[in-house]
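Dropping work17.pdb in here (PDB, C-alpha atoms):
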ATOM      1  CA  MET A   6      35.684   1.153 -71.140
ATOM      2  CA  ASP A   7      38.627  -0.482 -69.451
ATOM      3  CA  THR A   8      39.337   0.278 -65.798
ATOM      4  CA  MET A   9      42.408   1.971 -64.368
ATOM      5  CA  ARG A  10      43.693  -1.397 -63.215
ATOM      6  CA  ASP A  11      43.082  -2.914 -66.656
ATOM      7  CA  ARG A  12      45.401  -0.218 -68.004
ATOM      8  CA  PHE A  13      48.025  -0.745 -65.272
ATOM      9  CA  GLY A  14      49.326  -4.162 -66.368
ATOM     10  CA  PRO A  15      49.962  -3.375 -70.062
ATOM     11  CA  VAL A  16      51.479   0.044 -69.310
ATOM     12  CA  LEU A  17      53.848  -1.302 -66.688
ATOM     13  CA  SER A  18      54.780  -4.244 -68.923
ATOM     14  CA  ARG A  19      55.826  -1.749 -71.607
ATOM     15  CA  LEU A  20      57.843   0.208 -69.049
ATOM     16  CA  LEU A  21      59.609  -3.011 -68.039
ATOM     17  CA  ASP A  22      60.600  -3.458 -71.689
ATOM     18  CA  GLU A  23      61.715   0.156 -72.078
ATOM     19  CA  ASP A  24      63.604   0.809 -68.826
ATOM     20  CA  PRO A  25      65.985  -1.729 -67.269
ATOM     21  CA  ARG A  26      65.668   0.033 -63.910
ATOM     22  CA  VAL A  27      61.938  -0.734 -63.571
ATOM     23  CA  ALA A  28      60.878  -3.705 -61.465
ATOM     24  CA  VAL A  29      57.451  -4.837 -60.269
ATOM     25  CA  VAL A  30      56.728  -6.579 -56.971
ATOM     26  CA  LEU A  31      53.418  -8.391 -56.413
ATOM     27  CA  ALA A  32      51.720 -10.350 -53.645
ATOM     28  CA  GLU A  33      49.604 -12.710 -55.776
ATOM     29  CA  ILE A  34      46.989 -10.034 -56.463
ATOM     30  CA  GLY A  35      47.372  -8.844 -60.054
ATOM     31  CA  ALA A  36      49.963 -11.469 -60.961
ATOM     32  CA  ASP A  37      47.934 -12.719 -63.962
ATOM     33  CA  ALA A  38      48.481  -9.382 -65.699
ATOM     34  CA  PHE A  39      52.251  -9.942 -65.690
ATOM     35  CA  THR A  40      52.563 -13.552 -66.920
ATOM     36  CA  GLU A  41      54.281 -12.572 -70.159
ATOM     37  CA  ALA A  42      56.341  -9.825 -68.503
ATOM     38  CA  GLN A  43      57.587 -12.300 -65.908
ATOM     39  CA  ARG A  44      58.659 -14.666 -68.658
ATOM     40  CA  LYS A  45      60.604 -11.886 -70.368
ATOM     41  CA  HIS A  46      61.994 -10.284 -67.207
ATOM     42  CA  PRO A  47      62.157 -12.974 -64.481
ATOM     43  CA  ASP A  48      64.643 -10.966 -62.426
ATOM     44  CA  ARG A  49      62.426  -7.843 -62.414
ATOM     45  CA  VAL A  50      58.914  -9.295 -61.974
ATOM     46  CA  ILE A  51      58.744 -10.730 -58.462
ATOM     47  CA  ASN A  52      55.721 -12.354 -56.806
ATOM     48  CA  VAL A  53      56.344 -12.812 -53.074
ATOM     49  CA  GLY A  54      53.044 -14.573 -52.362
ATOM     50  CA  ILE A  55      50.539 -13.398 -49.770
ATOM     51  CA  ARG A  56      53.163 -11.631 -47.648
ATOM     52  CA  GLU A  57      52.418  -7.904 -47.628
ATOM     53  CA  GLN A  58      55.222  -6.884 -45.257
ATOM     54  CA  LEU A  59      57.683  -8.764 -47.464
ATOM     55  CA  LEU A  60      56.107  -7.136 -50.507
ATOM     56  CA  VAL A  61      57.037  -3.652 -49.322
ATOM     57  CA  GLY A  62      60.381  -4.710 -47.888
ATOM     58  CA  THR A  63      61.359  -6.344 -51.176
ATOM     59  CA  GLY A  64      60.442  -3.188 -53.065
ATOM     60  CA  ALA A  65      62.636  -1.096 -50.785
ATOM     61  CA  GLY A  66      65.461  -3.588 -51.164
ATOM     62  CA  LEU A  67      65.272  -3.286 -54.946
ATOM     63  CA  ALA A  68      65.414   0.505 -54.566
ATOM     64  CA  LEU A  69      68.551   0.153 -52.440
ATOM     65  CA  ALA A  70      70.018  -1.896 -55.287
ATOM     66  CA  GLY A  71      69.394   0.961 -57.734
ATOM     67  CA  LEU A  72      66.127  -0.166 -59.332
ATOM     68  CA  ARG A  73      62.838   1.716 -59.594
ATOM     69  CA  PRO A  74      60.354  -0.636 -57.872
ATOM     70  CA  VAL A  75      56.621  -0.560 -58.566
ATOM     71  CA  VAL A  76      54.812  -2.342 -55.722
ATOM     72  CA  HIS A  77      51.199  -3.371 -56.282
ATOM     73  CA  THR A  78      48.270  -4.860 -54.379
ATOM     74  CA  PHE A  79      44.964  -3.734 -52.862
ATOM     75  CA  ALA A  80      45.186  -0.497 -50.881
ATOM     76  CA  SER A  81      44.416  -2.094 -47.522
ATOM     77  CA  PHE A  82      47.265  -4.586 -48.055
ATOM     78  CA  LEU A  83      49.671  -2.009 -49.488
ATOM     79  CA  VAL A  84      49.366   0.935 -47.101
ATOM     80  CA  GLU A  85      47.600  -0.232 -43.951
ATOM     81  CA  ARG A  86      48.816  -3.768 -43.266
ATOM     82  CA  PRO A  87      52.553  -3.132 -43.955
ATOM     83  CA  PHE A  88      52.581   0.485 -42.802
ATOM     84  CA  GLU A  89      55.666  -0.007 -40.621
ATOM     85  CA  GLN A  90      57.584  -1.238 -43.655
ATOM     86  CA  VAL A  91      56.388   1.743 -45.709
ATOM     87  CA  LYS A  92      57.521   4.062 -42.921
ATOM     88  CA  LEU A  93      60.896   2.444 -42.264
ATOM     89  CA  ASP A  94      61.981   0.547 -45.368
ATOM     90  CA  PHE A  95      61.247   3.427 -47.721
ATOM     91  CA  GLY A  96      61.103   6.511 -45.506
ATOM     92  CA  HIS A  97      63.735   5.839 -42.846
ATOM     93  CA  GLN A  98      66.157   4.329 -45.355
ATOM     94  CA  GLY A  99      65.678   7.282 -47.688
ATOM     95  CA  VAL A 100      64.818   5.353 -50.852
ATOM     96  CA  GLY A 101      62.085   5.883 -53.403
ATOM     97  CA  GLY A 102      59.557   3.702 -55.130
ATOM     98  CA  VAL A 103      56.059   3.620 -56.560
ATOM     99  CA  LEU A 104      53.185   2.103 -54.599
ATOM    100  CA  VAL A 105      50.201   1.379 -56.859
ATOM    101  CA  SER A 106      46.997   0.346 -55.125
ATOM    102  CA  ALA A 107      43.662  -1.038 -56.261
ATOM    103  CA  ALA A 108      40.235  -1.477 -54.615
ATOM    104  CA  ALA A 109      40.277   2.104 -53.254
ATOM    105  CA  SER A 110      37.774   2.912 -50.488
ATOM    106  CA  PHE A 111      35.003   0.450 -51.347
ATOM    107  CA  ASP A 112      35.508  -0.750 -54.931
ATOM    108  CA  TRP A 113      34.819  -4.365 -53.962
ATOM    109  CA  PRO A 114      32.092  -4.214 -51.308
ATOM    110  CA  ALA A 115      31.640  -8.000 -51.310
ATOM    111  CA  GLY A 116      35.219  -8.361 -50.088
ATOM    112  CA  GLY A 117      34.269  -6.791 -46.787
ATOM    113  CA  PHE A 118      36.040  -4.199 -44.680
ATOM    114  CA  THR A 119      39.391  -6.005 -44.955
ATOM    115  CA  HIS A 120      39.413  -5.032 -48.641
ATOM    116  CA  MET A 121      38.465  -1.382 -48.064
ATOM    117  CA  SER A 122      40.895   1.432 -47.358
ATOM    118  CA  PRO A 123      39.293   4.860 -47.004
ATOM    119  CA  GLY A 124      42.126   5.925 -44.684
ATOM    120  CA  ASP A 125      45.098   5.228 -46.971
ATOM    121  CA  VAL A 126      45.874   8.804 -48.038
ATOM    122  CA  ALA A 127      45.379  10.125 -44.503
ATOM    123  CA  LEU A 128      47.778   7.470 -43.224
ATOM    124  CA  LEU A 129      50.434   8.405 -45.778
ATOM    125  CA  ASP A 130      49.975  12.022 -44.674
ATOM    126  CA  THR A 131      51.686  11.086 -41.408
ATOM    127  CA  LEU A 132      54.890  10.423 -43.393
ATOM    128  CA  ASP A 133      57.211  12.901 -45.062
ATOM    129  CA  GLY A 134      57.776  13.360 -48.752
ATOM    130  CA  TRP A 135      55.160  11.189 -50.457
ATOM    131  CA  THR A 136      53.618  12.327 -53.727
ATOM    132  CA  VAL A 137      50.019  11.099 -54.048
ATOM    133  CA  HIS A 138      48.206  10.720 -57.382
ATOM    134  CA  VAL A 139      44.446  10.020 -57.491
ATOM    135  CA  PRO A 140      43.452   9.638 -61.158
ATOM    136  CA  GLY A 141      39.815   9.904 -62.149
ATOM    137  CA  HIS A 142      39.994   8.086 -65.487
ATOM    138  CA  PRO A 143      42.101   5.269 -67.026
ATOM    139  CA  ASP A 144      43.833   7.736 -69.375
ATOM    140  CA  GLU A 145      44.857   9.839 -66.389
ATOM    141  CA  ALA A 146      45.996   6.727 -64.551
ATOM    142  CA  GLU A 147      48.340   5.857 -67.417
ATOM    143  CA  THR A 148      49.774   9.381 -67.526
ATOM    144  CA  LEU A 149      50.269   9.565 -63.767
ATOM    145  CA  LEU A 150      51.787   6.081 -63.608
ATOM    146  CA  ARG A 151      54.344   7.119 -66.199
ATOM    147  CA  HIS A 152      55.054  10.299 -64.223
ATOM    148  CA  ALA A 153      55.508   8.233 -61.067
ATOM    149  CA  VAL A 154      57.929   5.736 -62.594
ATOM    150  CA  ALA A 155      59.954   8.542 -64.176
ATOM    151  CA  ALA A 156      60.103  10.574 -60.956
ATOM    152  CA  GLY A 157      63.739   9.818 -60.163
ATOM    153  CA  ASP A 158      63.969   8.377 -56.683
ATOM    154  CA  ASP A 159      60.807   9.995 -55.302
ATOM    155  CA  LYS A 160      58.297   8.173 -53.125
ATOM    156  CA  VAL A 161      54.989   8.061 -55.027
ATOM    157  CA  TYR A 162      51.569   6.560 -54.301
ATOM    158  CA  VAL A 163      49.154   5.994 -57.211
ATOM    159  CA  ARG A 164      45.591   5.213 -56.115
ATOM    160  CA  LEU A 165      43.625   3.278 -58.743
ATOM    161  CA  SER A 166      39.856   2.802 -58.631
ATOM    162  CA  VAL A 167      37.098   1.175 -60.661
ATOM    163  CA  GLN A 168      35.172   4.427 -60.225
ATOM    164  CA  SER A 169      35.796   6.741 -63.153
ATOM    165  CA  ASN A 170      34.682  10.002 -64.697
ATOM    166  CA  ALA A 171      33.224   9.826 -68.205
ATOM    167  CA  ARG A 172      36.302  11.355 -69.820
ATOM    168  CA  GLY A 173      39.906  11.975 -68.943
ATOM    169  CA  LEU A 174      41.417  15.442 -68.675
ATOM    170  CA  PRO A 175      44.998  16.621 -69.258
ATOM    171  CA  VAL A 176      46.984  16.015 -66.076
ATOM    172  CA  ASP A 177      50.599  16.895 -65.371
ATOM    173  CA  GLY A 178      51.323  15.188 -62.062
ATOM    174  CA  ALA A 179      51.475  18.464 -60.167
ATOM    175  CA  ARG A 180      48.781  21.100 -60.572
ATOM    176  CA  PHE A 181      45.034  21.369 -60.071
ATOM    177  CA  HIS A 182      42.994  21.933 -63.236
ATOM    178  CA  THR A 183      40.293  24.634 -63.414
ATOM    179  CA  VAL A 184      37.154  23.051 -64.873
ATOM    180  CA  ARG A 185      34.621  25.767 -64.106
ATOM    181  CA  GLU A 186      34.913  29.359 -62.837
ATOM    182  CA  GLY A 187      32.568  31.098 -60.423
ATOM    183  CA  ARG A 188      32.424  33.834 -57.784
ATOM    184  CA  ASP A 189      30.713  32.363 -54.735
ATOM    185  CA  GLY A 190      33.108  29.656 -53.618
ATOM    186  CA  VAL A 191      35.491  26.908 -54.681
ATOM    187  CA  VAL A 192      34.892  23.165 -54.825
ATOM    188  CA  ILE A 193      37.915  20.886 -55.191
ATOM    189  CA  ALA A 194      36.912  17.580 -56.782
ATOM    190  CA  VAL A 195      39.468  14.816 -56.318
ATOM    191  CA  GLY A 196      39.873  12.090 -58.943
ATOM    192  CA  PRO A 197      36.688  10.105 -59.648
ATOM    193  CA  MET A 198      34.545  12.615 -57.731
ATOM    194  CA  LEU A 199      34.616  15.155 -60.576
ATOM    195  CA  ASP A 200      31.530  14.079 -62.533
ATOM    196  CA  ASN A 201      29.359  14.004 -59.413
ATOM    197  CA  VAL A 202      30.687  17.384 -58.296
ATOM    198  CA  LEU A 203      29.997  18.973 -61.685
ATOM    199  CA  ALA A 204      26.451  17.589 -61.700
ATOM    200  CA  ALA A 205      25.878  18.631 -58.077
ATOM    201  CA  THR A 206      27.058  22.217 -58.666
ATOM    202  CA  GLU A 207      25.320  22.748 -62.006
ATOM    203  CA  GLY A 208      23.782  26.233 -62.027
ATOM    204  CA  LEU A 209      25.763  27.412 -58.991
ATOM    205  CA  ASP A 210      28.242  30.272 -59.347
ATOM    206  CA  LEU A 211      31.191  28.217 -58.128
ATOM    207  CA  THR A 212      34.717  27.496 -59.264
ATOM    208  CA  VAL A 213      35.471  23.782 -59.632
ATOM    209  CA  LEU A 214      39.090  22.695 -59.375
ATOM    210  CA  TYR A 215      40.039  19.184 -60.416
ATOM    211  CA  ALA A 216      42.763  17.488 -58.378
ATOM    212  CA  THR A 217      44.480  14.298 -59.480
ATOM    213  CA  THR A 218      47.704  15.017 -57.606
ATOM    214  CA  VAL A 219      46.777  15.819 -54.024
ATOM    215  CA  ARG A 220      50.219  15.677 -52.432
ATOM    216  CA  PRO A 221      51.930  18.021 -52.721
ATOM    217  CA  PHE A 222      48.726  20.049 -52.385
ATOM    218  CA  ASP A 223      48.445  22.795 -55.009
ATOM    219  CA  GLY A 224      47.887  25.675 -52.618
ATOM    220  CA  GLU A 225      48.726  28.243 -55.292
ATOM    221  CA  ALA A 226      45.820  27.095 -57.453
ATOM    222  CA  LEU A 227      43.459  27.342 -54.488
ATOM    223  CA  ARG A 228      44.698  30.833 -53.654
ATOM    224  CA  ARG A 229      44.183  31.966 -57.232
ATOM    225  CA  ALA A 230      40.687  30.472 -57.323
ATOM    226  CA  THR A 231      39.697  32.278 -54.118
ATOM    227  CA  GLY A 232      41.398  35.552 -55.097
ATOM    228  CA  SER A 233      43.762  35.200 -52.153
ATOM    229  CA  ASP A 234      46.881  35.409 -54.325
ATOM    230  CA  THR A 235      46.574  39.190 -54.757
ATOM    231  CA  ALA A 236      48.188  41.546 -52.286
ATOM    232  CA  ALA A 237      44.874  42.876 -51.020
ATOM    233  CA  GLY A 238      42.848  39.709 -51.491
ATOM    234  CA  THR A 239      39.127  40.000 -52.048
ATOM    235  CA  GLY A 240      38.256  41.080 -48.527
ATOM    236  CA  ALA A 241      35.545  38.414 -48.383
ATOM    237  CA  VAL A 242      35.562  35.070 -46.623
ATOM    238  CA  ALA A 243      36.797  32.352 -48.951
ATOM    239  CA  ASP A 244      34.486  29.323 -48.937
ATOM    240  CA  VAL A 245      36.086  26.032 -49.966
ATOM    241  CA  VAL A 246      34.614  22.532 -50.231
ATOM    242  CA  VAL A 247      36.940  19.554 -50.733
ATOM    243  CA  VAL A 248      35.264  16.410 -52.117
ATOM    244  CA  GLU A 249      37.532  13.357 -51.834
ATOM    245  CA  PRO A 250      36.939   9.652 -52.584
ATOM    246  CA  TYR A 251      38.543   8.627 -49.286
ATOM    247  CA  LEU A 252      38.325   9.669 -45.631
ATOM    248  CA  ALA A 253      36.403  12.932 -45.230
ATOM    249  CA  GLY A 254      38.620  15.809 -44.134
ATOM    250  CA  THR A 255      41.880  14.294 -45.365
ATOM    251  CA  SER A 256      42.858  17.496 -47.200
ATOM    252  CA  THR A 257      41.162  20.154 -45.069
ATOM    253  CA  ALA A 258      44.387  20.878 -43.161
ATOM    254  CA  ALA A 259      46.239  21.415 -46.445
ATOM    255  CA  ALA A 260      43.511  23.777 -47.670
ATOM    256  CA  ASN A 261      43.556  25.650 -44.364
ATOM    257  CA  ASP A 262      47.341  26.018 -44.567
ATOM    258  CA  ALA A 263      47.107  27.402 -48.093
ATOM    259  CA  LEU A 264      44.658  30.091 -46.914
ATOM    260  CA  ALA A 265      46.188  30.722 -43.493
ATOM    261  CA  ASP A 266      46.574  34.475 -44.054
ATOM    262  CA  VAL A 267      43.007  35.155 -45.265
ATOM    263  CA  PRO A 268      39.548  34.652 -43.732
ATOM    264  CA  HIS A 269      38.153  31.354 -44.970
ATOM    265  CA  ARG A 270      35.928  28.354 -44.270
ATOM    266  CA  VAL A 271      36.629  24.800 -45.396
ATOM    267  CA  LEU A 272      34.235  21.839 -45.581
ATOM    268  CA  GLY A 273      35.652  18.369 -46.128
ATOM    269  CA  LEU A 274      33.383  15.793 -47.773
ATOM    270  CA  GLY A 275      34.364  12.173 -48.323
ATOM    271  CA  VAL A 276      34.009   8.719 -46.844
ATOM    272  CA  GLY A 277      32.707   8.741 -43.271
ATOM    273  CA  ARG A 278      34.451   7.059 -40.360
ATOM    274  CA  ALA A 279      31.577   4.758 -39.496
ATOM    275  CA  GLU A 280      31.961   1.230 -40.882
ATOM    276  CA  LEU A 281      29.069   0.170 -43.099
ATOM    277  CA  ARG A 282      28.554  -3.484 -42.251
ATOM    278  CA  ARG A 283      25.948  -4.244 -44.925
ATOM    279  CA  TYR A 284      28.301  -4.018 -47.832
ATOM    280  CA  GLY A 285      25.848  -3.666 -50.712
ATOM    281  CA  GLN A 286      27.065  -2.081 -53.961
ATOM    282  CA  ILE A 287      29.335   0.838 -54.797
ATOM    283  CA  ASP A 288      26.462   3.240 -55.520
ATOM    284  CA  GLU A 289      24.920   2.389 -52.149
ATOM    285  CA  HIS A 290      28.185   3.250 -50.423
ATOM    286  CA  MET A 291      28.335   6.516 -52.365
ATOM    287  CA  ALA A 292      24.848   7.455 -51.196
ATOM    288  CA  ALA A 293      25.484   6.328 -47.612
ATOM    289  CA  HIS A 294      28.560   8.559 -47.416
ATOM    290  CA  GLY A 295      26.763  11.501 -49.018
ATOM    291  CA  LEU A 296      28.843  11.438 -52.207
ATOM    292  CA  ASP A 297      26.006  10.950 -54.693
ATOM    293  CA  VAL A 298      24.869  13.954 -56.729
ATOM    294  CA  ARG A 299      21.766  14.805 -54.684
ATOM    295  CA  SER A 300      23.553  14.577 -51.344
ATOM    296  CA  LEU A 301      26.525  16.591 -52.559
ATOM    297  CA  ARG A 302      24.267  19.392 -53.773
ATOM    298  CA  GLU A 303      22.435  19.504 -50.451
ATOM    299  CA  ARG A 304      25.656  19.524 -48.441
ATOM    300  CA  ILE A 305      27.415  22.096 -50.622
ATOM    301  CA  THR A 306      24.475  24.518 -50.749
ATOM    302  CA  GLY A 307      23.889  24.006 -47.034
ATOM    303  CA  PHE A 308      27.479  25.038 -46.328
ATOM    304  CA  LEU A 309      27.469  28.013 -48.691
ATOM    305  CA  GLY A 310      24.082  29.247 -47.479
ATOM    306  CA  ALA A 311      22.060  32.044 -49.007
ATOM    307  CA  ARG A 312      24.388  32.933 -51.884
ATOM    308  CA  ALA A 313      24.259  29.471 -53.415
ATOM    309  CA  LEU A 314      20.531  29.145 -52.868
ATOM    310  CA  VAL A 315      19.849  32.496 -54.562
ATOM    311  CA  GLN A 316      21.967  31.528 -57.561
ATOM    312  CA  ALA A 317      20.321  28.119 -57.817
ATOM    313  CA  SER A 318      16.788  29.563 -57.662
ATOM    314  CA  SER A 319      17.578  32.259 -60.238
ATOM    315  CA  ASP A 320      18.790  29.588 -62.676
TER     316      ASP A 320
END
Let me see the file written as structure tokens.
Amino acid sequence: MDTMRDRFGPVLSRLLDEDPRVAVVLAEIGADAFTEAQRKHPDRVINVGIREQLLVGTGAGLALAGLRPVVHTFASFLVERPFEQVKLDFGHQGVGGVLVSAAASFDWPAGGFTHMSPGDVALLDTLDGWTVHVPGHPDEAETLLRHAVAAGDDKVYVRLSVQSNARGLPVDGARFHTVREGRDGVVIAVGPMLDNVLAATEGLDLTVLYATTVRPFDGEALRRATGSDTAAGTGAVADVVVVEPYLAGTSTAAANDALADVPHRVLGLGVGRAELRRYGQIDEHMAAHGLDVRSLRERITGFLGARALVQASSD
């Protein structure tokens, strides 16, 4: 199966052919995927070299000129290194564009910590008005990329990863998708975490929501899943676990805000803050951060307590 990034180049090349407003800005990384597109559209395929601040600034400049820029490189070079340009050139100037990252939290462990970005979504959370898509499958990545490019003058971040669920689900660029329904709690699985979450919660009486668009946060879906959308509510404490492929706790504030008027508990699971200096392989990072199936089941049942354990033992 191709990866999300494998899908990115051909899809964006087609969009360059179809829409004269679309432009792509690169900083060497990923340039090979646009050789033919650059030949056909030399004024709209721009490689600035290894200059990440210029990368973002050029994208914002194209937006000021009326184009729809798609800016691409690894997440650590797209969000973290040129963060001031993201904040000022796009945000302060009030222009939109599409930032498309690769390498995610630890997709290329051999590249070291400079090529890892578990804090990218949390960092963008400090800014106003960004839509954030986190696809969990190449098909979803294509759909969400098309949504992002077509989103007028909005500011959109699309987070690509080599990690993928076995199959893609219908995504609309806005709402959470209910994958499983249960009575004893809600688990929100973000992007490529879905398969592990489904395996970890097998046999538990839990609702599983699938999130590929995490900002804006679909608070209405969470309220429905917890029964908090009714006038009286359920009267019980709503238990929510958020499993994200980036910094643990990134979305707990959003979940808390959605349930502010009802009793609730929220557990955020994701990538830990401690730097793992023996880089190893992706599956070793997953296990070290407690995102493998066995660890997720232990952490989720530990949080939910007796109800989950009773259900699991009865199954």
Please identify every residue of range 111-199 of chain A that has at least one atom no farther than 7 Å from an atom of range 7-19 of chain A, counting all atoms listed in the file, and for each give the shortest atom pair and the distance in Å to one decimal, arranged by chain then increasing number, as a tab-separated table.
residue	atom	partner	partner_atom	distance
A:His142	CA	A:Met9	CA	6.7
A:Pro143	CA	A:Met9	CA	4.2
A:Ala146	CA	A:Met9	CA	6.0
A:Glu147	CA	A:Arg12	CA	6.8
A:Leu165	CA	A:Met9	CA	5.9
A:Ser166	CA	A:Met9	CA	6.3
A:Val167	CA	A:Thr8	CA	5.7
Could you list, as a PDB file with C-alpha atoms, keeping the file's coordinate frame, every residue matched by the PyMOL selection byres ((chain A and resi 217-224) around 7) in this structure?
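Writing done, so here's selection_22.pdb:
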ATOM      1  CA  TRP A 135      55.160  11.189 -50.457  1.00  0.00           C
ATOM      2  CA  THR A 136      53.618  12.327 -53.727  1.00  0.00           C
ATOM      3  CA  VAL A 137      50.019  11.099 -54.048  1.00  0.00           C
ATOM      4  CA  HIS A 138      48.206  10.720 -57.382  1.00  0.00           C
ATOM      5  CA  VAL A 139      44.446  10.020 -57.491  1.00  0.00           C
ATOM      6  CA  PRO A 140      43.452   9.638 -61.158  1.00  0.00           C
ATOM      7  CA  GLY A 141      39.815   9.904 -62.149  1.00  0.00           C
ATOM      8  CA  GLY A 178      51.323  15.188 -62.062  1.00  0.00           C
ATOM      9  CA  ALA A 179      51.475  18.464 -60.167  1.00  0.00           C
ATOM     10  CA  ARG A 180      48.781  21.100 -60.572  1.00  0.00           C
ATOM     11  CA  PHE A 181      45.034  21.369 -60.071  1.00  0.00           C
ATOM     12  CA  VAL A 195      39.468  14.816 -56.318  1.00  0.00           C
ATOM     13  CA  GLY A 196      39.873  12.090 -58.943  1.00  0.00           C
ATOM     14  CA  TYR A 215      40.039  19.184 -60.416  1.00  0.00           C
ATOM     15  CA  ALA A 216      42.763  17.488 -58.378  1.00  0.00           C
ATOM     16  CA  GLU A 225      48.726  28.243 -55.292  1.00  0.00           C
ATOM     17  CA  ALA A 226      45.820  27.095 -57.453  1.00  0.00           C
ATOM     18  CA  LEU A 227      43.459  27.342 -54.488  1.00  0.00           C
ATOM     19  CA  ARG A 228      44.698  30.833 -53.654  1.00  0.00           C
ATOM     20  CA  ALA A 259      46.239  21.415 -46.445  1.00  0.00           C
ATOM     21  CA  ALA A 260      43.511  23.777 -47.670  1.00  0.00           C
ATOM     22  CA  ALA A 263      47.107  27.402 -48.093  1.00  0.00           C
TER      23      ALA A 263
END
Using the chain letters and numbers from this file, what does the PyMOL selection byres ((chain A and resi 93) around 12) select? Give the answer as a compact mmCIF listing (two decimals) with C-alpha atoms, keeping the file's coordinate frame.
# COMPACT_ATOMS: atom_id res chain seq x y z
CA GLN A 58 55.22 -6.88 -45.26
CA VAL A 61 57.04 -3.65 -49.32
CA GLY A 62 60.38 -4.71 -47.89
CA ALA A 65 62.64 -1.10 -50.78
CA GLY A 66 65.46 -3.59 -51.16
CA PRO A 87 52.55 -3.13 -43.96
CA PHE A 88 52.58 0.48 -42.80
CA GLU A 89 55.67 -0.01 -40.62
CA GLN A 90 57.58 -1.24 -43.66
CA VAL A 91 56.39 1.74 -45.71
CA LYS A 92 57.52 4.06 -42.92
CA ASP A 94 61.98 0.55 -45.37
CA PHE A 95 61.25 3.43 -47.72
CA GLY A 96 61.10 6.51 -45.51
CA HIS A 97 63.74 5.84 -42.85
CA GLN A 98 66.16 4.33 -45.36
CA GLY A 99 65.68 7.28 -47.69
CA VAL A 100 64.82 5.35 -50.85
CA GLY A 101 62.08 5.88 -53.40
CA LEU A 132 54.89 10.42 -43.39
CA ASP A 133 57.21 12.90 -45.06
Give as a PDB file with C-alpha atoms, keeping the file's coordinate frame the residues that the PyMOL selection byres ((chain A and resi 189) around 6) matches when applied to the coordinates above.
ATOM      1  CA  ARG A 188      32.424  33.834 -57.784  1.00  0.00           C
ATOM      2  CA  GLY A 190      33.108  29.656 -53.618  1.00  0.00           C
ATOM      3  CA  ASP A 210      28.242  30.272 -59.347  1.00  0.00           C
ATOM      4  CA  LEU A 211      31.191  28.217 -58.128  1.00  0.00           C
TER       5      LEU A 211
END
Range 240-253 of chain A environment, 6 Å, all atoms listed in the file, sequence neighbours closer than 3 positions dropped, as an MDAnalysis selection string: chainID A and resid 110 123:124 190:195 231 268:277
